[in-house]
file model-v4.pdb (PDB, C-alpha atoms (C1' of nucleotides))
ATOM      1  CA  MET A  28       0.000   0.000   0.000
ATOM      2  CA  ARG A  29       1.510   3.278  -1.199
ATOM      3  CA  GLU A  30       1.591   6.161   1.214
ATOM      4  CA  TYR A  31       0.764   9.005  -1.149
ATOM      5  CA  TYR A  32      -0.515   9.556  -4.666
ATOM      6  CA  THR A  33      -0.072  12.760  -6.669
ATOM      7  CA  ILE A  34      -3.011  14.473  -8.262
ATOM      8  CA  THR A  35      -1.990  13.513 -11.798
ATOM      9  CA  GLU A  36      -1.538   9.865 -10.881
ATOM     10  CA  LEU A  37      -5.130   9.794  -9.753
ATOM     11  CA  THR A  38      -6.453  11.764 -12.727
ATOM     12  CA  ARG A  39      -4.841   9.134 -14.965
ATOM     13  CA  GLU A  40      -6.054   6.205 -12.933
ATOM     14  CA  PHE A  41      -9.665   7.388 -12.844
ATOM     15  CA  ASP A  42      -9.660   9.321 -16.108
ATOM     16  CA  ILE A  43     -10.832  12.592 -14.593
ATOM     17  CA  SER A  44      -9.309  16.094 -14.616
ATOM     18  CA  THR A  45      -7.352  17.849 -11.887
ATOM     19  CA  ARG A  46     -10.104  20.453 -11.919
ATOM     20  CA  THR A  47     -12.558  17.758 -10.913
ATOM     21  CA  LEU A  48     -10.474  16.579  -7.984
ATOM     22  CA  ARG A  49     -10.026  20.159  -6.756
ATOM     23  CA  PHE A  50     -13.735  20.670  -7.164
ATOM     24  CA  TYR A  51     -14.408  17.640  -4.977
ATOM     25  CA  GLU A  52     -12.031  19.056  -2.415
ATOM     26  CA  ASP A  53     -13.786  22.438  -2.480
ATOM     27  CA  GLU A  54     -17.035  20.559  -1.960
ATOM     28  CA  GLY A  55     -15.565  18.862   1.086
ATOM     29  CA  LEU A  56     -15.784  15.354  -0.333
ATOM     30  CA  ILE A  57     -12.055  14.669   0.038
ATOM     31  CA  GLN A  58      -9.351  16.257   2.185
ATOM     32  CA  PRO A  59      -5.921  15.416   0.828
ATOM     33  CA  VAL A  60      -3.050  16.589   3.016
ATOM     34  CA  ARG A  61      -0.589  19.220   1.802
ATOM     35  CA  ARG A  62       3.114  19.492   1.392
ATOM     36  CA  GLY A  63       3.480  23.186   0.806
ATOM     37  CA  ARG A  64       0.667  23.878  -1.627
ATOM     38  CA  THR A  65       0.856  20.470  -3.253
ATOM     39  CA  ARG A  66      -1.902  17.990  -2.546
ATOM     40  CA  LEU A  67      -0.930  14.527  -1.357
ATOM     41  CA  PHE A  68      -3.628  11.892  -1.661
ATOM     42  CA  ARG A  69      -3.629   8.981   0.767
ATOM     43  CA  PRO A  70      -5.078   5.550   0.025
ATOM     44  CA  SER A  71      -8.183   6.561   1.954
ATOM     45  CA  ASP A  72      -8.610   9.560  -0.346
ATOM     46  CA  ARG A  73      -8.205   7.255  -3.297
ATOM     47  CA  HIS A  74     -10.894   4.968  -1.972
ATOM     48  CA  LEU A  75     -13.182   7.919  -1.414
ATOM     49  CA  ILE A  76     -12.690   9.000  -5.005
ATOM     50  CA  ARG A  77     -13.662   5.531  -6.109
ATOM     51  CA  GLN A  78     -16.876   5.824  -4.096
ATOM     52  CA  ILE A  79     -17.599   9.310  -5.415
ATOM     53  CA  LEU A  80     -17.293   8.144  -9.015
ATOM     54  CA  ARG A  81     -19.486   5.164  -8.297
ATOM     55  CA  GLY A  82     -22.100   7.510  -6.897
ATOM     56  CA  LYS A  83     -21.818   9.668  -9.972
ATOM     57  CA  ARG A  84     -22.317   6.748 -12.319
ATOM     58  CA  LEU A  85     -25.447   5.924 -10.365
ATOM     59  CA  GLY A  86     -26.733   9.434 -11.020
ATOM     60  CA  PHE A  87     -26.384  10.838  -7.510
ATOM     61  CA  SER A  88     -25.752  14.567  -7.108
ATOM     62  CA  ILE A  89     -22.755  15.878  -5.227
ATOM     63  CA  ASN A  90     -24.952  16.554  -2.206
ATOM     64  CA  GLU A  91     -26.309  13.029  -2.226
ATOM     65  CA  ILE A  92     -22.811  11.661  -2.576
ATOM     66  CA  ARG A  93     -21.740  13.787   0.366
ATOM     67  CA  GLU A  94     -24.520  12.231   2.438
ATOM     68  CA  ILE A  95     -23.557   8.732   1.396
ATOM     69  CA  ILE A  96     -19.930   9.388   2.248
ATOM     70  CA  GLN A  97     -20.874  10.577   5.689
ATOM     71  CA  MET A  98     -22.596   7.265   6.197
ATOM     72  CA  TYR A  99     -19.414   5.365   5.482
ATOM     73  CA  ARG A 100     -17.586   7.324   8.142
ATOM     74  CA  GLU A 101     -16.918   6.377  11.735
ATOM     75  CA  PRO A 102     -20.290   5.952  13.462
ATOM     76  CA  PRO A 103     -21.131   8.846  15.812
ATOM     77  CA  GLY A 104     -20.953   8.429  19.576
ATOM     78  CA  GLU A 105     -24.409   9.504  20.525
ATOM     79  CA  VAL A 106     -27.480   7.303  20.507
ATOM     80  CA  GLY A 107     -29.815   9.783  18.802
ATOM     81  CA  GLN A 108     -27.278  10.422  16.078
ATOM     82  CA  LEU A 109     -26.766   6.718  15.594
ATOM     83  CA  LYS A 110     -30.463   6.060  15.203
ATOM     84  CA  LEU A 111     -30.786   8.977  12.800
ATOM     85  CA  MET A 112     -27.922   7.650  10.752
ATOM     86  CA  ILE A 113     -29.450   4.186  10.585
ATOM     87  CA  LYS A 114     -32.683   5.753   9.362
ATOM     88  CA  ARG A 115     -30.838   7.671   6.660
ATOM     89  CA  ILE A 116     -28.975   4.571   5.590
ATOM     90  CA  GLU A 117     -32.241   2.712   5.220
ATOM     91  CA  GLU A 118     -33.693   5.530   3.141
ATOM     92  CA  LYS A 119     -30.718   5.460   0.824
ATOM     93  CA  ARG A 120     -31.021   1.735   0.518
ATOM     94  CA  GLU A 121     -34.660   2.053  -0.477
ATOM     95  CA  ASP A 122     -33.516   4.535  -3.091
ATOM     96  CA  LEU A 123     -30.980   2.036  -4.370
ATOM     97  CA  ARG A 124     -33.584  -0.705  -4.469
ATOM     98  CA  GLN A 125     -35.798   1.502  -6.637
ATOM     99  CA  LYS A 126     -32.851   2.035  -8.925
ATOM    100  CA  ARG A 127     -32.330  -1.708  -9.086
ATOM    101  CA  ARG A 128     -35.948  -2.245 -10.113
ATOM    102  CA  ASP A 129     -35.588   0.463 -12.769
ATOM    103  CA  LEU A 130     -32.422  -1.204 -13.940
ATOM    104  CA  GLU A 131     -33.957  -4.649 -14.280
ATOM    105  CA  GLU A 132     -36.970  -3.285 -16.153
ATOM    106  CA  THR A 133     -34.801  -1.309 -18.522
ATOM    107  CA  ILE A 134     -32.632  -4.327 -19.204
ATOM    108  CA  VAL A 135     -35.735  -6.383 -19.986
ATOM    109  CA  GLU A 136     -36.938  -3.744 -22.431
ATOM    110  CA  LEU A 137     -33.568  -3.645 -24.117
ATOM    111  CA  ASP A 138     -33.596  -7.441 -24.348
ATOM    112  CA  ASN A 139     -36.974  -7.256 -26.085
ATOM    113  CA  ALA A 140     -35.753  -4.573 -28.428
ATOM    114  CA  GLU A 141     -32.722  -6.626 -29.353
ATOM    115  CA  GLU A 142     -34.775  -9.731 -29.902
ATOM    116  CA  ALA A 143     -37.044  -7.788 -32.262
ATOM    117  CA  CYS A 144     -33.950  -6.712 -34.202
ATOM    118  CA  VAL A 145     -32.577 -10.232 -34.360
ATOM    119  CA  GLU A 146     -35.908 -11.603 -35.566
ATOM    120  CA  ARG A 147     -36.108  -8.927 -38.203
ATOM    121  CA  LEU A 148     -32.644  -9.914 -39.373
ATOM    122  CA  ALA A 149     -33.723 -13.546 -39.525
ATOM    123  CA  GLU A 150     -36.752 -12.588 -41.628
ATOM    124  CA  LEU A 151     -34.395 -10.878 -43.998
ATOM    125  CA  GLY A 152     -32.480 -14.127 -44.250
ATOM    126  CA  VAL A 153     -29.338 -12.959 -42.465
ATOM    127  CA  ASN A 154     -27.516 -15.526 -40.406
ATOM    128  CA  THR A 155     -26.708 -14.110 -36.992
TER     129      THR A 155
ATOM    130  CA  MET B   5     -57.377   1.363 -22.124
ATOM    131  CA  ARG B   6     -58.206   5.081 -22.357
ATOM    132  CA  GLU B   7     -57.774   6.771 -25.681
ATOM    133  CA  TYR B   8     -56.371  10.103 -24.487
ATOM    134  CA  TYR B   9     -54.961  11.684 -21.349
ATOM    135  CA  THR B  10     -54.741  15.409 -20.718
ATOM    136  CA  ILE B  11     -51.512  17.005 -19.721
ATOM    137  CA  THR B  12     -52.610  17.643 -16.153
ATOM    138  CA  GLU B  13     -53.786  14.071 -15.658
ATOM    139  CA  LEU B  14     -50.305  12.889 -16.481
ATOM    140  CA  THR B  15     -48.590  15.533 -14.371
ATOM    141  CA  ARG B  16     -50.628  14.273 -11.407
ATOM    142  CA  GLU B  17     -50.018  10.626 -12.152
ATOM    143  CA  PHE B  18     -46.264  10.990 -12.464
ATOM    144  CA  ASP B  19     -45.820  13.960 -10.139
ATOM    145  CA  ILE B  20     -44.083  16.137 -12.687
ATOM    146  CA  SER B  21     -44.926  19.599 -14.063
ATOM    147  CA  THR B  22     -46.528  20.565 -17.341
ATOM    148  CA  ARG B  23     -43.310  22.396 -18.079
ATOM    149  CA  THR B  24     -41.468  19.098 -17.898
ATOM    150  CA  LEU B  25     -43.810  17.356 -20.322
ATOM    151  CA  ARG B  26     -43.604  20.235 -22.785
ATOM    152  CA  PHE B  27     -39.860  20.162 -22.398
ATOM    153  CA  TYR B  28     -39.790  16.461 -23.267
ATOM    154  CA  GLU B  29     -41.885  17.242 -26.304
ATOM    155  CA  ASP B  30     -39.496  20.034 -27.359
ATOM    156  CA  GLU B  31     -36.691  17.534 -26.951
ATOM    157  CA  GLY B  32     -38.501  15.124 -29.246
ATOM    158  CA  LEU B  33     -38.944  12.421 -26.624
ATOM    159  CA  ILE B  34     -42.731  12.364 -26.948
ATOM    160  CA  GLN B  35     -45.104  13.499 -29.684
ATOM    161  CA  PRO B  36     -48.626  13.905 -28.338
ATOM    162  CA  VAL B  37     -51.255  14.697 -30.963
ATOM    163  CA  ARG B  38     -53.163  17.989 -30.967
ATOM    164  CA  ARG B  39     -56.735  19.083 -30.871
ATOM    165  CA  GLY B  40     -56.326  22.713 -31.850
ATOM    166  CA  ARG B  41     -53.412  23.764 -29.684
ATOM    167  CA  THR B  42     -54.196  21.334 -26.907
ATOM    168  CA  ARG B  43     -51.999  18.290 -26.435
ATOM    169  CA  LEU B  44     -53.644  14.872 -26.261
ATOM    170  CA  PHE B  45     -51.501  12.081 -24.849
ATOM    171  CA  ARG B  46     -52.087   8.529 -26.007
ATOM    172  CA  PRO B  47     -51.319   5.406 -23.975
ATOM    173  CA  SER B  48     -48.111   5.013 -25.946
ATOM    174  CA  ASP B  49     -47.065   8.518 -24.896
ATOM    175  CA  ARG B  50     -47.857   7.600 -21.322
ATOM    176  CA  HIS B  51     -45.683   4.520 -21.572
ATOM    177  CA  LEU B  52     -42.869   6.578 -23.045
ATOM    178  CA  ILE B  53     -43.085   8.978 -20.124
ATOM    179  CA  ARG B  54     -42.769   6.057 -17.772
ATOM    180  CA  GLN B  55     -39.601   4.977 -19.568
ATOM    181  CA  ILE B  56     -38.213   8.493 -19.586
ATOM    182  CA  LEU B  57     -38.670   8.839 -15.839
ATOM    183  CA  ARG B  58     -37.081   5.455 -15.274
ATOM    184  CA  GLY B  59     -34.092   6.583 -17.294
ATOM    185  CA  LYS B  60     -33.901   9.744 -15.254
ATOM    186  CA  ARG B  61     -33.911   7.862 -11.962
ATOM    187  CA  LEU B  62     -31.030   5.802 -13.328
ATOM    188  CA  GLY B  63     -29.080   9.008 -13.946
ATOM    189  CA  PHE B  64     -29.246   9.064 -17.720
ATOM    190  CA  SER B  65     -29.194  12.433 -19.485
ATOM    191  CA  ILE B  66     -31.929  13.477 -21.878
ATOM    192  CA  ASN B  67     -29.684  12.609 -24.796
ATOM    193  CA  GLU B  68     -28.995   9.145 -23.434
ATOM    194  CA  ILE B  69     -32.690   8.659 -22.799
ATOM    195  CA  ARG B  70     -33.396   9.718 -26.358
ATOM    196  CA  GLU B  71     -30.988   7.048 -27.564
ATOM    197  CA  ILE B  72     -32.583   4.393 -25.399
ATOM    198  CA  ILE B  73     -36.042   5.352 -26.601
ATOM    199  CA  GLN B  74     -34.965   4.993 -30.197
ATOM    200  CA  MET B  75     -33.943   1.456 -29.370
ATOM    201  CA  TYR B  76     -37.421   0.625 -28.159
ATOM    202  CA  ARG B  77     -38.890   1.750 -31.452
ATOM    203  CA  GLU B  78     -39.850  -0.326 -34.450
ATOM    204  CA  PRO B  79     -36.682  -2.001 -35.767
ATOM    205  CA  PRO B  80     -35.401  -0.445 -39.003
ATOM    206  CA  GLY B  81     -35.781  -2.229 -42.343
ATOM    207  CA  GLU B  82     -32.220  -2.277 -43.494
ATOM    208  CA  VAL B  83     -29.623  -4.861 -42.531
ATOM    209  CA  GLY B  84     -26.802  -2.415 -41.779
ATOM    210  CA  GLN B  85     -29.072  -0.328 -39.598
ATOM    211  CA  LEU B  86     -30.286  -3.393 -37.771
ATOM    212  CA  LYS B  87     -26.770  -4.553 -37.011
ATOM    213  CA  LEU B  88     -25.822  -1.070 -35.852
ATOM    214  CA  MET B  89     -28.825  -0.943 -33.578
ATOM    215  CA  ILE B  90     -27.995  -4.316 -32.061
ATOM    216  CA  LYS B  91     -24.504  -3.051 -31.384
ATOM    217  CA  ARG B  92     -25.841   0.063 -29.686
ATOM    218  CA  ILE B  93     -28.234  -1.976 -27.607
ATOM    219  CA  GLU B  94     -25.389  -4.140 -26.422
ATOM    220  CA  GLU B  95     -23.354  -1.093 -25.486
ATOM    221  CA  LYS B  96     -26.219   0.299 -23.452
ATOM    222  CA  ARG B  97     -26.625  -3.028 -21.760
ATOM    223  CA  GLU B  98     -22.967  -3.033 -20.802
ATOM    224  CA  ASP B  99     -23.549   0.402 -19.363
ATOM    225  CA  LEU B 100     -26.462  -0.918 -17.355
ATOM    226  CA  ARG B 101     -24.402  -3.851 -16.125
ATOM    227  CA  GLN B 102     -21.762  -1.418 -14.872
ATOM    228  CA  LYS B 103     -24.475   0.455 -13.043
ATOM    229  CA  ARG B 104     -25.656  -2.793 -11.524
ATOM    230  CA  ARG B 105     -22.177  -3.570 -10.241
ATOM    231  CA  ASP B 106     -21.953  -0.044  -8.807
ATOM    232  CA  LEU B 107     -25.310  -0.543  -7.216
ATOM    233  CA  GLU B 108     -24.419  -3.831  -5.579
ATOM    234  CA  GLU B 109     -21.151  -2.472  -4.244
ATOM    235  CA  THR B 110     -22.812   0.603  -2.849
ATOM    236  CA  ILE B 111     -25.479  -1.491  -1.164
ATOM    237  CA  VAL B 112     -22.770  -3.647   0.403
ATOM    238  CA  GLU B 113     -20.997  -0.583   1.737
ATOM    239  CA  LEU B 114     -24.206   0.775   3.161
ATOM    240  CA  ASP B 115     -24.871  -2.593   4.784
ATOM    241  CA  ASN B 116     -21.456  -2.423   6.416
ATOM    242  CA  ALA B 117     -22.035   1.128   7.566
ATOM    243  CA  GLU B 118     -25.357   0.177   9.087
ATOM    244  CA  GLU B 119     -23.891  -2.830  10.825
ATOM    245  CA  ALA B 120     -21.224  -0.630  12.351
ATOM    246  CA  CYS B 121     -23.945   1.669  13.660
ATOM    247  CA  VAL B 122     -25.958  -1.193  15.077
ATOM    248  CA  GLU B 123     -22.897  -2.644  16.803
ATOM    249  CA  ARG B 124     -22.062   0.737  18.236
ATOM    250  CA  LEU B 125     -25.597   0.971  19.600
ATOM    251  CA  ALA B 126     -25.223  -2.471  21.155
ATOM    252  CA  GLU B 127     -21.979  -1.399  22.818
ATOM    253  CA  LEU B 128     -23.876   1.527  24.297
ATOM    254  CA  GLY B 129     -26.360  -0.972  25.708
ATOM    255  CA  VAL B 130     -29.270   0.030  23.512
ATOM    256  CA  ASN B 131     -31.638  -2.724  22.478
ATOM    257  CA  THR B 132     -32.303  -2.447  18.792
TER     258      THR B 132
ATOM    259  C1'  DC C   1      21.138  28.539  -9.304
ATOM    260  C1'  DC C   2      18.137  27.880 -13.310
ATOM    261  C1'  DT C   3      14.878  25.941 -16.006
ATOM    262  C1'  DG C   4      10.992  23.333 -17.579
ATOM    263  C1'  DA C   5       7.337  20.409 -16.161
ATOM    264  C1'  DA C   6       3.812  20.039 -13.155
ATOM    265  C1'  DA C   7       0.741  22.181  -9.783
ATOM    266  C1'  DT C   8      -1.979  25.874  -7.941
ATOM    267  C1'  DT C   9      -5.574  29.508  -7.663
ATOM    268  C1'  DG C  10      -9.253  32.278  -9.405
ATOM    269  C1'  DA C  11     -12.235  33.925 -12.739
ATOM    270  C1'  DC C  12     -15.104  33.093 -16.351
ATOM    271  C1'  DT C  13     -17.850  29.961 -19.462
ATOM    272  C1'  DT C  14     -20.736  26.099 -20.693
ATOM    273  C1'  DT C  15     -24.275  22.532 -20.537
ATOM    274  C1'  DT C  16     -28.312  20.354 -18.715
ATOM    275  C1'  DA C  17     -32.911  20.243 -17.125
ATOM    276  C1'  DC C  18     -36.034  22.336 -16.079
ATOM    277  C1'  DG C  19     -38.594  26.767 -13.163
ATOM    278  C1'  DT C  20     -41.123  30.924 -13.486
ATOM    279  C1'  DA C  21     -43.571  34.800 -15.233
ATOM    280  C1'  DA C  22     -46.321  37.245 -18.539
ATOM    281  C1'  DA C  23     -49.531  37.475 -22.001
ATOM    282  C1'  DT C  24     -53.012  35.208 -24.338
ATOM    283  C1'  DG C  25     -56.392  31.352 -26.123
ATOM    284  C1'  DC C  26     -60.237  28.229 -25.475
ATOM    285  C1'  DC C  27     -64.339  26.493 -23.247
ATOM    286  C1'  DG C  28     -68.116  25.195 -20.269
ATOM    287  C1'  DT C  29     -71.485  27.547 -17.240
ATOM    288  C1'  DC C  30     -74.112  30.666 -14.628
TER     289       DC C  30
ATOM    290  C1'  DG D  17     -71.154  37.471 -22.307
ATOM    291  C1'  DA D  18     -68.282  37.645 -18.421
ATOM    292  C1'  DC D  19     -65.777  34.549 -15.636
ATOM    293  C1'  DG D  20     -62.999  30.825 -13.763
ATOM    294  C1'  DG D  21     -59.917  27.411 -14.922
ATOM    295  C1'  DC D  22     -56.946  25.008 -17.551
ATOM    296  C1'  DA D  23     -53.839  25.329 -21.655
ATOM    297  C1'  DT D  24     -50.481  27.499 -24.616
ATOM    298  C1'  DT D  25     -46.369  30.200 -26.180
ATOM    299  C1'  DT D  26     -42.372  33.040 -25.539
ATOM    300  C1'  DA D  27     -38.753  34.508 -22.994
ATOM    301  C1'  DC D  28     -35.696  34.802 -19.440
ATOM    302  C1'  DG D  29     -33.633  32.686 -15.112
ATOM    303  C1'  DT D  30     -30.939  29.345 -12.445
ATOM    304  C1'  DA D  31     -28.384  25.650  -9.968
ATOM    305  C1'  DA D  32     -25.146  21.893 -10.507
ATOM    306  C1'  DA D  33     -20.957  20.156 -12.215
ATOM    307  C1'  DA D  34     -17.585  20.727 -14.279
ATOM    308  C1'  DG D  35     -14.420  22.810 -18.510
ATOM    309  C1'  DT D  36     -11.279  26.394 -19.896
ATOM    310  C1'  DC D  37      -7.980  29.906 -19.522
ATOM    311  C1'  DA D  38      -4.570  32.873 -17.522
ATOM    312  C1'  DA D  39      -1.424  34.053 -14.298
ATOM    313  C1'  DT D  40       1.571  32.444 -10.897
ATOM    314  C1'  DT D  41       4.260  29.046  -7.939
ATOM    315  C1'  DT D  42       6.746  24.966  -6.742
ATOM    316  C1'  DC D  43      10.296  21.843  -7.202
ATOM    317  C1'  DA D  44      13.361  18.114  -8.986
ATOM    318  C1'  DG D  45      17.286  17.585 -11.876
ATOM    319  C1'  DG D  46      21.212  19.171 -14.313
TER     320       DG D  46
END
call {"tool": "encode", "arguments": {"input": "model-v4.pdb", "output": "structure tokens"}}
result
Amino acid sequence: MREYYTITELTREFDISTRTLRFYEDEGLIQPVRRGRTRLFRPSDRHLIRQILRGKRLGFSINEIREIIQMYREPPGEVGQLKLMIKRIEEKREDLRQKRRDLEETIVELDNAEEACVERLAELGVNT
Amino acid sequence: MREYYTITELTREFDISTRTLRFYEDEGLIQPVRRGRTRLFRPSDRHLIRQILRGKRLGFSINEIREIIQMYREPPGEVGQLKLMIKRIEEKREDLRQKRRDLEETIVELDNAEEACVERLAELGVNT
DNA sequence: CCTGAAATTGACTTTTACGTAAATGCCGTC
DNA sequence: GACGGCATTTACGTAAAAGTCAATTTCAGG
């Protein structure tokens, strides 16, 4: 496990721009340490970036991603906070389940569409 | 099966604004017929709206949704076009599979986060 | 110590997906 | 035939999520 990554290493690894990483820092999603003015990204920052991008691919906004990230963090010490957090986690999970249903339905529709295309090809006497 | 729906019926059913439906029409996603200047939505339009909203929940942009919708349409008559469409469908499906992986991973992480919270509650002597 | 590559900040611009407001049209009814 | 209520069009506004550009600054290597 490497100790630090530079900003360009990570932009190459994840195929994003430096501007994007700085934007995420401005938004408080990541907090790389500094040597002078240069950002040094730790493995934990790298993992966070991975989670951020996953959230993005799923269509979550920055604010939603921020919420999700807070859920991954160290659980709070107070009972009320803990219960609140559990509630939030369950809400997010319901959200994800809805997405999964949407996903399955969309895949089914695409399957149908493809089958229609394949059949049409067969009618035209093309061997698939 | 009803013949026509008014714009407000659909806004209520799907909890969206008239502005949104007109926007989708401007974007060429739906083409309701007209009686004078008034839009009349057919069941097929209604089904399209359902698909559009599903796409939105999955984080697709209007352009991506437009592409997906074109895939649902009547398959084209020409062999080259058919093969192209099949290719596009497969690309979209790969996209959806990536989303599914993201989804599963995110759910797992949320499960872990929740478990940590529950354990922490147990440590504090709270009965869940 | 110098230089060039890489990094930084800050300001401005762009795109997407609608929201909102203003002015007007159409229609059933009282 | 005026009125309420829904519908329409046109036009401008806006928030989110970066992209782009310009002007420095840092720093490792020679």
call {"tool": "resolve_selection", "arguments": {"input": "model-v4.pdb", "expression": "the PyMOL selection byres ((chain C and resi 22) around 10)", "output": "list in words"}}
result
DT20, DA21, DA23 and DT24 of chain C; DT26 and DA27 of chain D
call {"tool": "residues_around", "arguments": {"input": "model-v4.pdb", "residues": "Glu123 (chain B)", "least_positions_apart": "6", "cutoff": "12 Å", "atoms": "only C-alpha atoms (C1' of nucleotides)", "output": "VMD selection string"}}
result
(chain A and resid 101 to 104 106 109 to 110 113) or (chain B and resid 116 to 117 129 to 132)
call {"tool": "resolve_selection", "arguments": {"input": "model-v4.pdb", "expression": "the PyMOL selection byres ((chain A) within 10 of (chain D))", "output": "list in words"}}
result
Ser44, Arg46, Thr47, Phe50, Gly63, Arg64, Thr65, Ser88, Ile89 and Asn90 of chain A
call {"tool": "resolve_selection", "arguments": {"input": "model-v4.pdb", "expression": "the PyMOL selection byres ((chain A) within 9 of (chain B))", "output": "PyMOL selection string"}}
result
chain A and resi 78+81-87+95+98-106+109-110+112-113+116-117+119-120+123-127+129-134+136-145+147-148+151+153
call {"tool": "calpha_fit_and_write", "arguments": {"input": "model-v4.pdb", "fixed": "chain A", "moving": "chain B", "output": "compact mmCIF listing (two decimals) with C-alpha atoms, in the frame of the given file"}}
result
# COMPACT_ATOMS: atom_id res chain seq x y z
CA MET B 5 0.08 0.15 0.14
CA ARG B 6 1.58 3.46 -1.01
CA GLU B 7 1.61 6.32 1.42
CA TYR B 8 0.79 9.16 -0.98
CA TYR B 9 -0.43 9.69 -4.52
CA THR B 10 0.01 12.88 -6.51
CA ILE B 11 -2.91 14.56 -8.13
CA THR B 12 -1.86 13.60 -11.64
CA GLU B 13 -1.38 9.95 -10.72
CA LEU B 14 -4.98 9.83 -9.63
CA THR B 15 -6.27 11.76 -12.63
CA ARG B 16 -4.62 9.13 -14.84
CA GLU B 17 -5.86 6.21 -12.80
CA PHE B 18 -9.46 7.35 -12.77
CA ASP B 19 -9.45 9.26 -16.05
CA ILE B 20 -10.65 12.52 -14.56
CA SER B 21 -9.13 16.02 -14.55
CA THR B 22 -7.25 17.83 -11.83
CA ARG B 23 -10.04 20.36 -11.93
CA THR B 24 -12.47 17.64 -10.92
CA LEU B 25 -10.39 16.53 -7.95
CA ARG B 26 -9.96 20.10 -6.75
CA PHE B 27 -13.67 20.58 -7.20
CA TYR B 28 -14.38 17.56 -5.01
CA GLU B 29 -12.05 19.01 -2.42
CA ASP B 30 -13.84 22.39 -2.56
CA GLU B 31 -17.07 20.48 -2.09
CA GLY B 32 -15.65 18.81 0.99
CA LEU B 33 -15.81 15.30 -0.41
CA ILE B 34 -12.09 14.66 0.03
CA GLN B 35 -9.44 16.28 2.21
CA PRO B 36 -5.96 15.49 0.93
CA VAL B 37 -3.13 16.70 3.14
CA ARG B 38 -0.65 19.34 1.98
CA ARG B 39 3.06 19.64 1.59
CA GLY B 40 3.36 23.38 1.12
CA ARG B 41 0.60 24.07 -1.37
CA THR B 42 0.81 20.68 -3.01
CA ARG B 43 -1.92 18.14 -2.37
CA LEU B 44 -0.94 14.66 -1.20
CA PHE B 45 -3.61 12.00 -1.53
CA ARG B 46 -3.64 9.09 0.89
CA PRO B 47 -5.05 5.64 0.15
CA SER B 48 -8.20 6.61 2.02
CA ASP B 49 -8.62 9.60 -0.30
CA ARG B 50 -8.16 7.28 -3.24
CA HIS B 51 -10.85 4.98 -1.92
CA LEU B 52 -13.18 7.92 -1.42
CA ILE B 53 -12.64 8.97 -5.02
CA ARG B 54 -13.59 5.50 -6.11
CA GLN B 55 -16.82 5.77 -4.14
CA ILE B 56 -17.54 9.23 -5.49
CA LEU B 57 -17.18 8.06 -9.07
CA ARG B 58 -19.38 5.07 -8.38
CA GLY B 59 -22.03 7.40 -7.02
CA LYS B 60 -21.72 9.55 -10.10
CA ARG B 61 -22.19 6.61 -12.45
CA LEU B 62 -25.34 5.78 -10.50
CA GLY B 63 -26.65 9.29 -11.19
CA PHE B 64 -26.32 10.72 -7.71
CA SER B 65 -25.68 14.45 -7.34
CA ILE B 66 -22.70 15.78 -5.43
CA ASN B 67 -24.95 16.50 -2.47
CA GLU B 68 -26.32 12.97 -2.45
CA ILE B 69 -22.80 11.61 -2.74
CA ARG B 70 -21.77 13.77 0.18
CA GLU B 71 -24.57 12.24 2.22
CA ILE B 72 -23.58 8.72 1.26
CA ILE B 73 -19.96 9.40 2.12
CA GLN B 74 -20.94 10.62 5.56
CA MET B 75 -22.62 7.28 6.08
CA TYR B 76 -19.41 5.43 5.38
CA ARG B 77 -17.63 7.41 8.06
CA GLU B 78 -16.94 6.47 11.64
CA PRO B 79 -20.31 6.02 13.39
CA PRO B 80 -21.15 8.88 15.77
CA GLY B 81 -20.97 8.44 19.54
CA GLU B 82 -24.43 9.49 20.51
CA VAL B 83 -27.49 7.26 20.51
CA GLY B 84 -29.84 9.72 18.81
CA GLN B 85 -27.32 10.39 16.08
CA LEU B 86 -26.76 6.69 15.57
CA LYS B 87 -30.46 6.01 15.19
CA LEU B 88 -30.80 8.91 12.78
CA MET B 89 -27.92 7.62 10.72
CA ILE B 90 -29.42 4.14 10.55
CA LYS B 91 -32.64 5.69 9.34
CA ARG B 92 -30.82 7.64 6.64
CA ILE B 93 -28.93 4.56 5.55
CA GLU B 94 -32.17 2.68 5.18
CA GLU B 95 -33.65 5.48 3.10
CA LYS B 96 -30.66 5.45 0.79
CA ARG B 97 -30.95 1.72 0.48
CA GLU B 98 -34.58 2.04 -0.52
CA ASP B 99 -33.44 4.51 -3.12
CA LEU B 100 -30.90 2.02 -4.40
CA ARG B 101 -33.51 -0.72 -4.50
CA GLN B 102 -35.71 1.51 -6.66
CA LYS B 103 -32.77 2.03 -8.97
CA ARG B 104 -32.27 -1.71 -9.12
CA ARG B 105 -35.88 -2.25 -10.13
CA ASP B 106 -35.52 0.46 -12.79
CA LEU B 107 -32.38 -1.21 -13.97
CA GLU B 108 -33.92 -4.64 -14.28
CA GLU B 109 -36.94 -3.30 -16.13
CA THR B 110 -34.80 -1.34 -18.53
CA ILE B 111 -32.63 -4.36 -19.22
CA VAL B 112 -35.75 -6.41 -19.95
CA GLU B 113 -36.98 -3.79 -22.39
CA LEU B 114 -33.64 -3.68 -24.12
CA ASP B 115 -33.67 -7.47 -24.34
CA ASN B 116 -37.06 -7.30 -26.02
CA ALA B 117 -35.89 -4.61 -28.40
CA GLU B 118 -32.86 -6.65 -29.35
CA GLU B 119 -34.93 -9.77 -29.88
CA ALA B 120 -37.20 -7.84 -32.20
CA CYS B 121 -34.16 -6.75 -34.19
CA VAL B 122 -32.77 -10.25 -34.37
CA GLU B 123 -36.11 -11.65 -35.52
CA ARG B 124 -36.37 -8.95 -38.14
CA LEU B 125 -32.91 -9.90 -39.38
CA ALA B 126 -33.97 -13.54 -39.54
CA GLU B 127 -37.03 -12.59 -41.59
CA LEU B 128 -34.69 -10.84 -43.99
CA GLY B 129 -32.77 -14.09 -44.29
CA VAL B 130 -29.64 -12.90 -42.54
CA ASN B 131 -27.77 -15.46 -40.47
CA THR B 132 -26.92 -13.95 -37.14
